[in-house]
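Asker: Pasting a structure below so you can have a look.
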Amino acid sequence: MASMEKLTPKQDAFAQAYVETGNASEAYRRLYDAARMKPEVVAVKASELLKNGKVTVRVEALQARHAKRHDITIDSLTAELEQARAVAMEQKQASAAVSATLGKAKLHGLLVEKVKAEGDVNLYVSSLRAAHQRAFDPQGTTPAAADSPHEKAEAAQDDPYVKALRQLHEVRDAS
């Protein structure tokens, strides 16, 4: 790692931020005073850093280490879960086998747990709708200004806030 020793602390931090974000401009913005720079200037400066041989070597080393760690982690966990599932099947322990299978599915992103929406969602959506109405329709001519609740519900079929509320209710009811 002789090349890493020659890097400045900011160059090393840039290489790490680049590997983390995958975006050279974002990595540059995180480490250098770029608030007043145009995006094009930031992109050029970030590109220049990436072309620096020492920075390139460090980025490649970090990427290789990251890839190796990631592969080992996913592969080894998958192998362990498969081994646990096989043992569970041999011992006729169906719940343990199912648990191992579900573990593999979660590990590979094939199974996503639903989150129950709690709290005062209705109040939040109503507040959003009221703020939207005040901002964009002070005369009250939006569907939310209908007289009866039934009229409001019918008139608001395309209202994005009503759609959001419906989705939240669907999530809550599904869990």
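In the structure tokens, chains take the letters A, B, ... in the order shown, each chain's residues start at 1, and ligands count up from 1 in the order shown.
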For range 41-52 of chain A, list every protein, DNA or RNA residue within 6 Å, evaluated using only C-alpha atoms, and leave out those in the same chain fewer than 4 positions away; present the list as a list in words.

Answerer: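 Counting only the stated atoms, we get Ala24, Ser25, Tyr28 and Thr56 of chain A.
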
Asker: Between CA of Gly22 in chain A and CA of Val59 in chain A, what distance in Å does the model show, to one decimal?

Answerer: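 Atom-to-atom, CA of Gly22 in chain A and CA of Val59 in chain A are spaced 10.5 Å apart.
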
Asker: One decimal, Å: what's the distance from CA of Ala97 in chain A over to CA of Leu77 in chain A, could you say?

Answerer: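 Separation between CA of Ala97 in chain A and CA of Leu77 in chain A: 15.0 Å.
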
Asker: CA of Ser76 in chain A and CA of Ala17 in chain A, how far apart in Å?

Answerer: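 Separating CA of Ala17 in chain A from CA of Ser76 in chain A is a distance of 26.8 Å.
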
Asker: Neighbouring residues of range 31-39 of chain A were defined as those with any atom within 8 Å, considering only C-alpha atoms; residues of the same chain fewer than 4 positions away were excluded. Please report them as a list of chain:residue names.

Answerer: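 The residues satisfying every condition are A:Lys10, A:Ala13, A:Phe14, A:Ala27, A:Ala43.
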
Asker: Residues at most 10 Å from Gln63 in chain A, counting only C-alpha atoms, excluding those fewer than 6 positions away in the same chain, as a list of chain:residue names?

Answerer: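 So the residues in contact are A:Ala15, A:Gln16, A:Tyr18, A:Val19, A:Glu20, A:Val57, A:Arg69.
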
Asker: I need the chosen residues saved as a JSON list (two decimals), in the first residue's frame, with N, CA, C and O atoms.

Answerer:
[["chain", "number", "residue", "atom", "x", "y", "z"],
["A", 15, "ALA", "N", -11.48, 9.17, -2.52],
["A", 15, "ALA", "CA", -11.56, 7.81, -3.07],
["A", 15, "ALA", "C", -12.62, 7.00, -2.32],
["A", 15, "ALA", "O", -13.43, 6.30, -2.94],
["A", 16, "GLN", "N", -12.63, 7.12, -1.01],
["A", 16, "GLN", "CA", -13.62, 6.39, -0.22],
["A", 16, "GLN", "C", -15.04, 6.89, -0.50],
["A", 16, "GLN", "O", -15.97, 6.09, -0.65],
["A", 18, "TYR", "N", -16.05, 8.30, -3.23],
["A", 18, "TYR", "CA", -16.40, 7.89, -4.59],
["A", 18, "TYR", "C", -16.87, 6.44, -4.62],
["A", 18, "TYR", "O", -17.87, 6.12, -5.26],
["A", 19, "VAL", "N", -16.18, 5.57, -3.91],
["A", 19, "VAL", "CA", -16.58, 4.16, -3.86],
["A", 19, "VAL", "C", -17.94, 4.03, -3.18],
["A", 19, "VAL", "O", -18.79, 3.26, -3.61],
["A", 20, "GLU", "N", -18.16, 4.84, -2.15],
["A", 20, "GLU", "CA", -19.43, 4.79, -1.41],
["A", 20, "GLU", "C", -20.59, 5.27, -2.27],
["A", 20, "GLU", "O", -21.65, 4.65, -2.31],
["A", 57, "VAL", "N", -5.51, 4.12, -8.15],
["A", 57, "VAL", "CA", -5.08, 2.88, -7.51],
["A", 57, "VAL", "C", -5.86, 2.66, -6.22],
["A", 57, "VAL", "O", -6.31, 1.55, -5.92],
["A", 69, "ARG", "N", -15.68, -8.42, -0.06],
["A", 69, "ARG", "CA", -16.43, -8.50, 1.19],
["A", 69, "ARG", "C", -17.91, -8.77, 0.91],
["A", 69, "ARG", "O", -18.54, -9.58, 1.56]]

Asker: Select from range 20-117 of chain A everything DSSP, run on the backbone, classes as helix (DSSP H, G or I), then give the selection as a CSV table (one decimal) with N, CA, C and O atoms, in the first residue's frame.

Answerer:
chain,number,residue,atom,x,y,z
A,20,GLU,N,-18.2,4.8,-2.1
A,20,GLU,CA,-19.4,4.8,-1.4
A,20,GLU,C,-20.6,5.3,-2.3
A,20,GLU,O,-21.7,4.6,-2.3
A,21,THR,N,-20.4,6.4,-3.0
A,21,THR,CA,-21.5,7.0,-3.7
A,21,THR,C,-21.6,6.6,-5.2
A,21,THR,O,-22.7,6.6,-5.8
A,24,ALA,N,-18.5,10.8,-8.7
A,24,ALA,CA,-17.3,11.6,-8.5
A,24,ALA,C,-17.6,13.0,-8.1
A,24,ALA,O,-17.0,13.6,-7.2
A,25,SER,N,-18.6,13.6,-8.7
A,25,SER,CA,-19.0,15.0,-8.3
A,25,SER,C,-19.5,15.1,-6.9
A,25,SER,O,-19.2,16.0,-6.2
A,26,GLU,N,-20.3,14.1,-6.5
A,26,GLU,CA,-20.8,14.1,-5.2
A,26,GLU,C,-19.7,13.9,-4.2
A,26,GLU,O,-19.7,14.5,-3.1
A,27,ALA,N,-18.8,13.0,-4.5
A,27,ALA,CA,-17.6,12.8,-3.6
A,27,ALA,C,-16.8,14.1,-3.5
A,27,ALA,O,-16.4,14.4,-2.4
A,28,TYR,N,-16.6,14.8,-4.5
A,28,TYR,CA,-15.9,16.0,-4.5
A,28,TYR,C,-16.6,17.1,-3.6
A,28,TYR,O,-16.0,17.7,-2.8
A,29,ARG,N,-17.9,17.2,-3.8
A,29,ARG,CA,-18.7,18.2,-3.1
A,29,ARG,C,-18.6,17.9,-1.6
A,29,ARG,O,-18.7,18.8,-0.8
A,30,ARG,N,-18.6,16.6,-1.2
A,30,ARG,CA,-18.5,16.2,0.2
A,30,ARG,C,-17.2,16.7,0.9
A,30,ARG,O,-17.2,16.9,2.1
A,31,LEU,N,-16.1,16.8,0.1
A,31,LEU,CA,-14.8,17.0,0.7
A,31,LEU,C,-14.2,18.3,0.4
A,31,LEU,O,-13.3,18.8,1.1
A,39,PRO,N,-21.8,23.3,-11.4
A,39,PRO,CA,-21.7,21.8,-11.5
A,39,PRO,C,-20.7,21.4,-12.5
A,39,PRO,O,-20.0,20.3,-12.3
A,40,GLU,N,-20.5,22.1,-13.6
A,40,GLU,CA,-19.5,21.7,-14.6
A,40,GLU,C,-18.1,21.7,-14.1
A,40,GLU,O,-17.3,20.9,-14.4
A,41,VAL,N,-17.8,22.8,-13.2
A,41,VAL,CA,-16.5,22.9,-12.6
A,41,VAL,C,-16.3,21.8,-11.6
A,41,VAL,O,-15.2,21.2,-11.6
A,42,VAL,N,-17.3,21.4,-10.9
A,42,VAL,CA,-17.2,20.3,-9.9
A,42,VAL,C,-16.9,19.0,-10.7
A,42,VAL,O,-16.0,18.3,-10.3
A,43,ALA,N,-17.6,18.8,-11.8
A,43,ALA,CA,-17.4,17.6,-12.5
A,43,ALA,C,-16.0,17.5,-13.1
A,43,ALA,O,-15.3,16.4,-13.1
A,44,VAL,N,-15.4,18.6,-13.6
A,44,VAL,CA,-14.1,18.7,-14.1
A,44,VAL,C,-13.1,18.4,-13.0
A,44,VAL,O,-12.1,17.6,-13.2
A,45,LYS,N,-13.2,19.0,-11.8
A,45,LYS,CA,-12.3,18.8,-10.7
A,45,LYS,C,-12.3,17.4,-10.2
A,45,LYS,O,-11.3,16.8,-9.9
A,46,ALA,N,-13.5,16.8,-10.1
A,46,ALA,CA,-13.7,15.4,-9.7
A,46,ALA,C,-13.0,14.5,-10.7
A,46,ALA,O,-12.4,13.5,-10.3
A,47,SER,N,-13.2,14.8,-12.0
A,47,SER,CA,-12.6,13.9,-13.0
A,47,SER,C,-11.1,14.0,-13.0
A,47,SER,O,-10.4,13.0,-13.1
A,48,GLU,N,-10.6,15.2,-12.7
A,48,GLU,CA,-9.1,15.3,-12.6
A,48,GLU,C,-8.6,14.5,-11.4
A,48,GLU,O,-7.5,13.9,-11.5
A,49,LEU,N,-9.3,14.5,-10.3
A,49,LEU,CA,-8.9,13.7,-9.2
A,49,LEU,C,-8.9,12.2,-9.5
A,49,LEU,O,-8.0,11.5,-9.1
A,50,LEU,N,-9.9,11.8,-10.2
A,50,LEU,CA,-10.0,10.4,-10.6
A,50,LEU,C,-8.9,10.0,-11.6
A,50,LEU,O,-8.5,8.8,-11.6
A,51,LYS,N,-8.4,10.9,-12.4
A,51,LYS,CA,-7.3,10.6,-13.3
A,51,LYS,C,-6.0,10.6,-12.6
A,51,LYS,O,-5.0,10.1,-13.2
A,53,GLY,N,-3.2,9.1,-10.8
A,53,GLY,CA,-2.8,7.7,-10.7
A,53,GLY,C,-2.9,7.1,-9.3
A,53,GLY,O,-3.4,6.0,-9.0
A,54,LYS,N,-2.5,7.9,-8.3
A,54,LYS,CA,-2.6,7.4,-6.9
A,54,LYS,C,-4.0,7.3,-6.4
A,54,LYS,O,-4.4,6.3,-5.8
A,55,VAL,N,-4.9,8.2,-6.8
A,55,VAL,CA,-6.3,8.1,-6.5
A,55,VAL,C,-6.9,6.9,-7.2
A,55,VAL,O,-7.7,6.2,-6.6
A,56,THR,N,-6.6,6.7,-8.4
A,56,THR,CA,-7.1,5.6,-9.2
A,56,THR,C,-6.8,4.3,-8.6
A,56,THR,O,-7.6,3.4,-8.4
A,57,VAL,N,-5.5,4.1,-8.2
A,57,VAL,CA,-5.1,2.9,-7.5
A,57,VAL,C,-5.9,2.7,-6.2
A,57,VAL,O,-6.3,1.5,-5.9
A,58,ARG,N,-6.1,3.7,-5.4
A,58,ARG,CA,-6.8,3.6,-4.2
A,58,ARG,C,-8.3,3.2,-4.4
A,58,ARG,O,-8.8,2.4,-3.7
A,59,VAL,N,-8.9,3.9,-5.4
A,59,VAL,CA,-10.3,3.6,-5.8
A,59,VAL,C,-10.4,2.1,-6.2
A,59,VAL,O,-11.3,1.4,-5.7
A,60,GLU,N,-9.5,1.6,-7.0
A,60,GLU,CA,-9.5,0.2,-7.4
A,60,GLU,C,-9.4,-0.7,-6.3
A,60,GLU,O,-10.0,-1.8,-6.2
A,61,ALA,N,-8.5,-0.4,-5.3
A,61,ALA,CA,-8.2,-1.3,-4.2
A,61,ALA,C,-9.5,-1.3,-3.3
A,61,ALA,O,-9.9,-2.4,-2.8
A,62,LEU,N,-10.1,-0.1,-3.1
A,62,LEU,CA,-11.3,-0.1,-2.3
A,62,LEU,C,-12.4,-0.8,-2.9
A,62,LEU,O,-13.2,-1.6,-2.3
A,63,GLN,N,-12.6,-0.7,-4.2
A,63,GLN,CA,-13.6,-1.4,-5.0
A,63,GLN,C,-13.4,-2.9,-4.9
A,63,GLN,O,-14.4,-3.7,-4.7
A,64,ALA,N,-12.2,-3.4,-5.0
A,64,ALA,CA,-11.9,-4.8,-5.0
A,64,ALA,C,-12.2,-5.3,-3.6
A,64,ALA,O,-12.8,-6.4,-3.4
A,65,ARG,N,-11.8,-4.6,-2.5
A,65,ARG,CA,-12.1,-5.0,-1.2
A,65,ARG,C,-13.6,-5.0,-0.9
A,65,ARG,O,-14.1,-6.0,-0.3
A,66,HIS,N,-14.3,-4.0,-1.4
A,66,HIS,CA,-15.7,-4.0,-1.2
A,66,HIS,C,-16.4,-5.1,-1.9
A,66,HIS,O,-17.3,-5.8,-1.4
A,67,ALA,N,-16.0,-5.4,-3.2
A,67,ALA,CA,-16.6,-6.5,-3.9
A,67,ALA,C,-16.4,-7.8,-3.2
A,67,ALA,O,-17.3,-8.7,-3.1
A,68,LYS,N,-15.1,-8.0,-2.8
A,68,LYS,CA,-14.8,-9.3,-2.1
A,68,LYS,C,-15.6,-9.5,-0.9
A,68,LYS,O,-16.2,-10.5,-0.6
A,69,ARG,N,-15.7,-8.4,-0.1
A,69,ARG,CA,-16.4,-8.5,1.2
A,69,ARG,C,-17.9,-8.8,0.9
A,69,ARG,O,-18.5,-9.6,1.6
A,70,HIS,N,-18.4,-8.1,-0.1
A,70,HIS,CA,-19.9,-8.3,-0.4
A,70,HIS,C,-20.1,-9.7,-0.9
A,70,HIS,O,-21.1,-10.3,-0.5
A,71,ASP,N,-19.3,-10.2,-1.8
A,71,ASP,CA,-19.5,-11.5,-2.3
A,71,ASP,C,-19.4,-12.6,-1.2
A,71,ASP,O,-20.2,-13.5,-1.1
A,72,ILE,N,-18.4,-12.4,-0.4
A,72,ILE,CA,-18.3,-13.4,0.7
A,72,ILE,C,-19.5,-13.3,1.6
A,72,ILE,O,-20.0,-14.4,2.0
A,73,THR,N,-19.9,-12.2,2.0
A,73,THR,CA,-21.0,-12.0,2.9
A,73,THR,C,-22.3,-12.7,2.3
A,73,THR,O,-22.9,-13.5,3.0
A,74,ILE,N,-22.7,-12.3,1.1
A,74,ILE,CA,-23.9,-12.8,0.5
A,74,ILE,C,-23.7,-14.3,0.3
A,74,ILE,O,-24.6,-15.1,0.6
A,75,ASP,N,-22.6,-14.7,-0.3
A,75,ASP,CA,-22.4,-16.1,-0.6
A,75,ASP,C,-22.4,-17.0,0.6
A,75,ASP,O,-23.0,-18.1,0.7
A,76,SER,N,-21.6,-16.5,1.6
A,76,SER,CA,-21.5,-17.4,2.8
A,76,SER,C,-22.8,-17.5,3.6
A,76,SER,O,-23.1,-18.5,4.1
A,77,LEU,N,-23.5,-16.4,3.7
A,77,LEU,CA,-24.8,-16.4,4.3
A,77,LEU,C,-25.8,-17.3,3.6
A,77,LEU,O,-26.5,-18.1,4.2
A,78,THR,N,-25.8,-17.2,2.3
A,78,THR,CA,-26.7,-18.1,1.5
A,78,THR,C,-26.3,-19.6,1.7
A,78,THR,O,-27.2,-20.4,1.9
A,79,ALA,N,-25.0,-19.9,1.7
A,79,ALA,CA,-24.6,-21.2,1.9
A,79,ALA,C,-25.0,-21.8,3.3
A,79,ALA,O,-25.4,-22.9,3.4
A,80,GLU,N,-24.8,-20.9,4.3
A,80,GLU,CA,-25.2,-21.3,5.7
A,80,GLU,C,-26.7,-21.6,5.8
A,80,GLU,O,-27.1,-22.6,6.4
A,81,LEU,N,-27.4,-20.7,5.2
A,81,LEU,CA,-28.9,-20.9,5.2
A,81,LEU,C,-29.3,-22.1,4.4
A,81,LEU,O,-30.2,-22.8,4.9
A,82,GLU,N,-28.7,-22.4,3.3
A,82,GLU,CA,-29.0,-23.6,2.6
A,82,GLU,C,-28.6,-24.8,3.4
A,82,GLU,O,-29.4,-25.8,3.4
A,83,GLN,N,-27.5,-24.8,4.0
A,83,GLN,CA,-27.1,-25.9,4.9
A,83,GLN,C,-28.1,-26.2,6.0
A,83,GLN,O,-28.4,-27.3,6.3
A,84,ALA,N,-28.5,-25.1,6.6
A,84,ALA,CA,-29.5,-25.2,7.7
A,84,ALA,C,-30.8,-25.7,7.2
A,84,ALA,O,-31.4,-26.6,7.9
A,85,ARG,N,-31.2,-25.3,6.0
A,85,ARG,CA,-32.4,-25.8,5.4
A,85,ARG,C,-32.3,-27.3,5.1
A,85,ARG,O,-33.2,-28.1,5.4
A,86,ALA,N,-31.2,-27.8,4.6
A,86,ALA,CA,-31.0,-29.2,4.3
A,86,ALA,C,-31.0,-30.0,5.6
A,86,ALA,O,-31.6,-31.1,5.6
A,87,VAL,N,-30.3,-29.6,6.6
A,87,VAL,CA,-30.4,-30.3,7.9
A,87,VAL,C,-31.8,-30.4,8.4
A,87,VAL,O,-32.2,-31.4,8.9
A,88,ALA,N,-32.5,-29.3,8.4
A,88,ALA,CA,-33.9,-29.2,8.8
A,88,ALA,C,-34.8,-30.2,8.1
A,88,ALA,O,-35.6,-30.9,8.6
A,89,MET,N,-34.5,-30.3,6.8
A,89,MET,CA,-35.3,-31.2,5.9
A,89,MET,C,-35.0,-32.7,6.3
A,89,MET,O,-35.9,-33.5,6.4
A,90,GLU,N,-33.7,-33.0,6.5
A,90,GLU,CA,-33.3,-34.3,6.9
A,90,GLU,C,-33.9,-34.7,8.3
A,90,GLU,O,-34.3,-35.9,8.4
A,94,ALA,N,-40.0,-29.0,9.5
A,94,ALA,CA,-40.5,-28.1,8.4
A,94,ALA,C,-40.4,-26.7,8.8
A,94,ALA,O,-40.0,-25.8,7.9
A,95,SER,N,-40.7,-26.3,10.0
A,95,SER,CA,-40.7,-24.9,10.3
A,95,SER,C,-39.3,-24.3,10.3
A,95,SER,O,-39.1,-23.2,9.8
A,96,ALA,N,-38.3,-25.1,10.7
A,96,ALA,CA,-36.9,-24.6,10.5
A,96,ALA,C,-36.5,-24.5,9.1
A,96,ALA,O,-35.7,-23.6,8.7
A,97,ALA,N,-36.9,-25.4,8.2
A,97,ALA,CA,-36.6,-25.4,6.8
A,97,ALA,C,-37.3,-24.2,6.2
A,97,ALA,O,-36.6,-23.4,5.4
A,98,VAL,N,-38.5,-23.9,6.5
A,98,VAL,CA,-39.2,-22.7,6.0
A,98,VAL,C,-38.5,-21.4,6.5
A,98,VAL,O,-38.3,-20.5,5.7
A,99,SER,N,-38.1,-21.4,7.7
A,99,SER,CA,-37.4,-20.3,8.3
A,99,SER,C,-36.1,-20.0,7.5
A,99,SER,O,-35.7,-18.9,7.2
A,100,ALA,N,-35.3,-21.1,7.2
A,100,ALA,CA,-34.1,-20.9,6.4
A,100,ALA,C,-34.4,-20.4,5.0
A,100,ALA,O,-33.7,-19.6,4.5
A,101,THR,N,-35.4,-21.0,4.4
A,101,THR,CA,-35.8,-20.5,3.1
A,101,THR,C,-36.2,-19.1,3.1
A,101,THR,O,-35.8,-18.3,2.2
A,102,LEU,N,-37.0,-18.6,4.0
A,102,LEU,CA,-37.4,-17.2,4.1
A,102,LEU,C,-36.2,-16.3,4.4
A,102,LEU,O,-36.1,-15.2,3.8
A,103,GLY,N,-35.2,-16.8,5.2
A,103,GLY,CA,-34.0,-16.1,5.4
A,103,GLY,C,-33.2,-15.8,4.1
A,103,GLY,O,-32.7,-14.7,3.8
A,104,LYS,N,-33.1,-16.9,3.2
A,104,LYS,CA,-32.5,-16.7,1.9
A,104,LYS,C,-33.2,-15.7,1.1
A,104,LYS,O,-32.6,-14.9,0.4
A,105,ALA,N,-34.5,-15.8,1.1
A,105,ALA,CA,-35.4,-14.9,0.3
A,105,ALA,C,-35.1,-13.4,0.7
A,105,ALA,O,-35.0,-12.5,-0.1
A,106,LYS,N,-35.1,-13.2,2.0
A,106,LYS,CA,-34.9,-11.9,2.5
A,106,LYS,C,-33.5,-11.4,2.2
A,106,LYS,O,-33.3,-10.2,1.8
A,107,LEU,N,-32.5,-12.2,2.3
A,107,LEU,CA,-31.1,-11.9,2.0
A,107,LEU,C,-30.9,-11.4,0.6
A,107,LEU,O,-30.2,-10.5,0.3
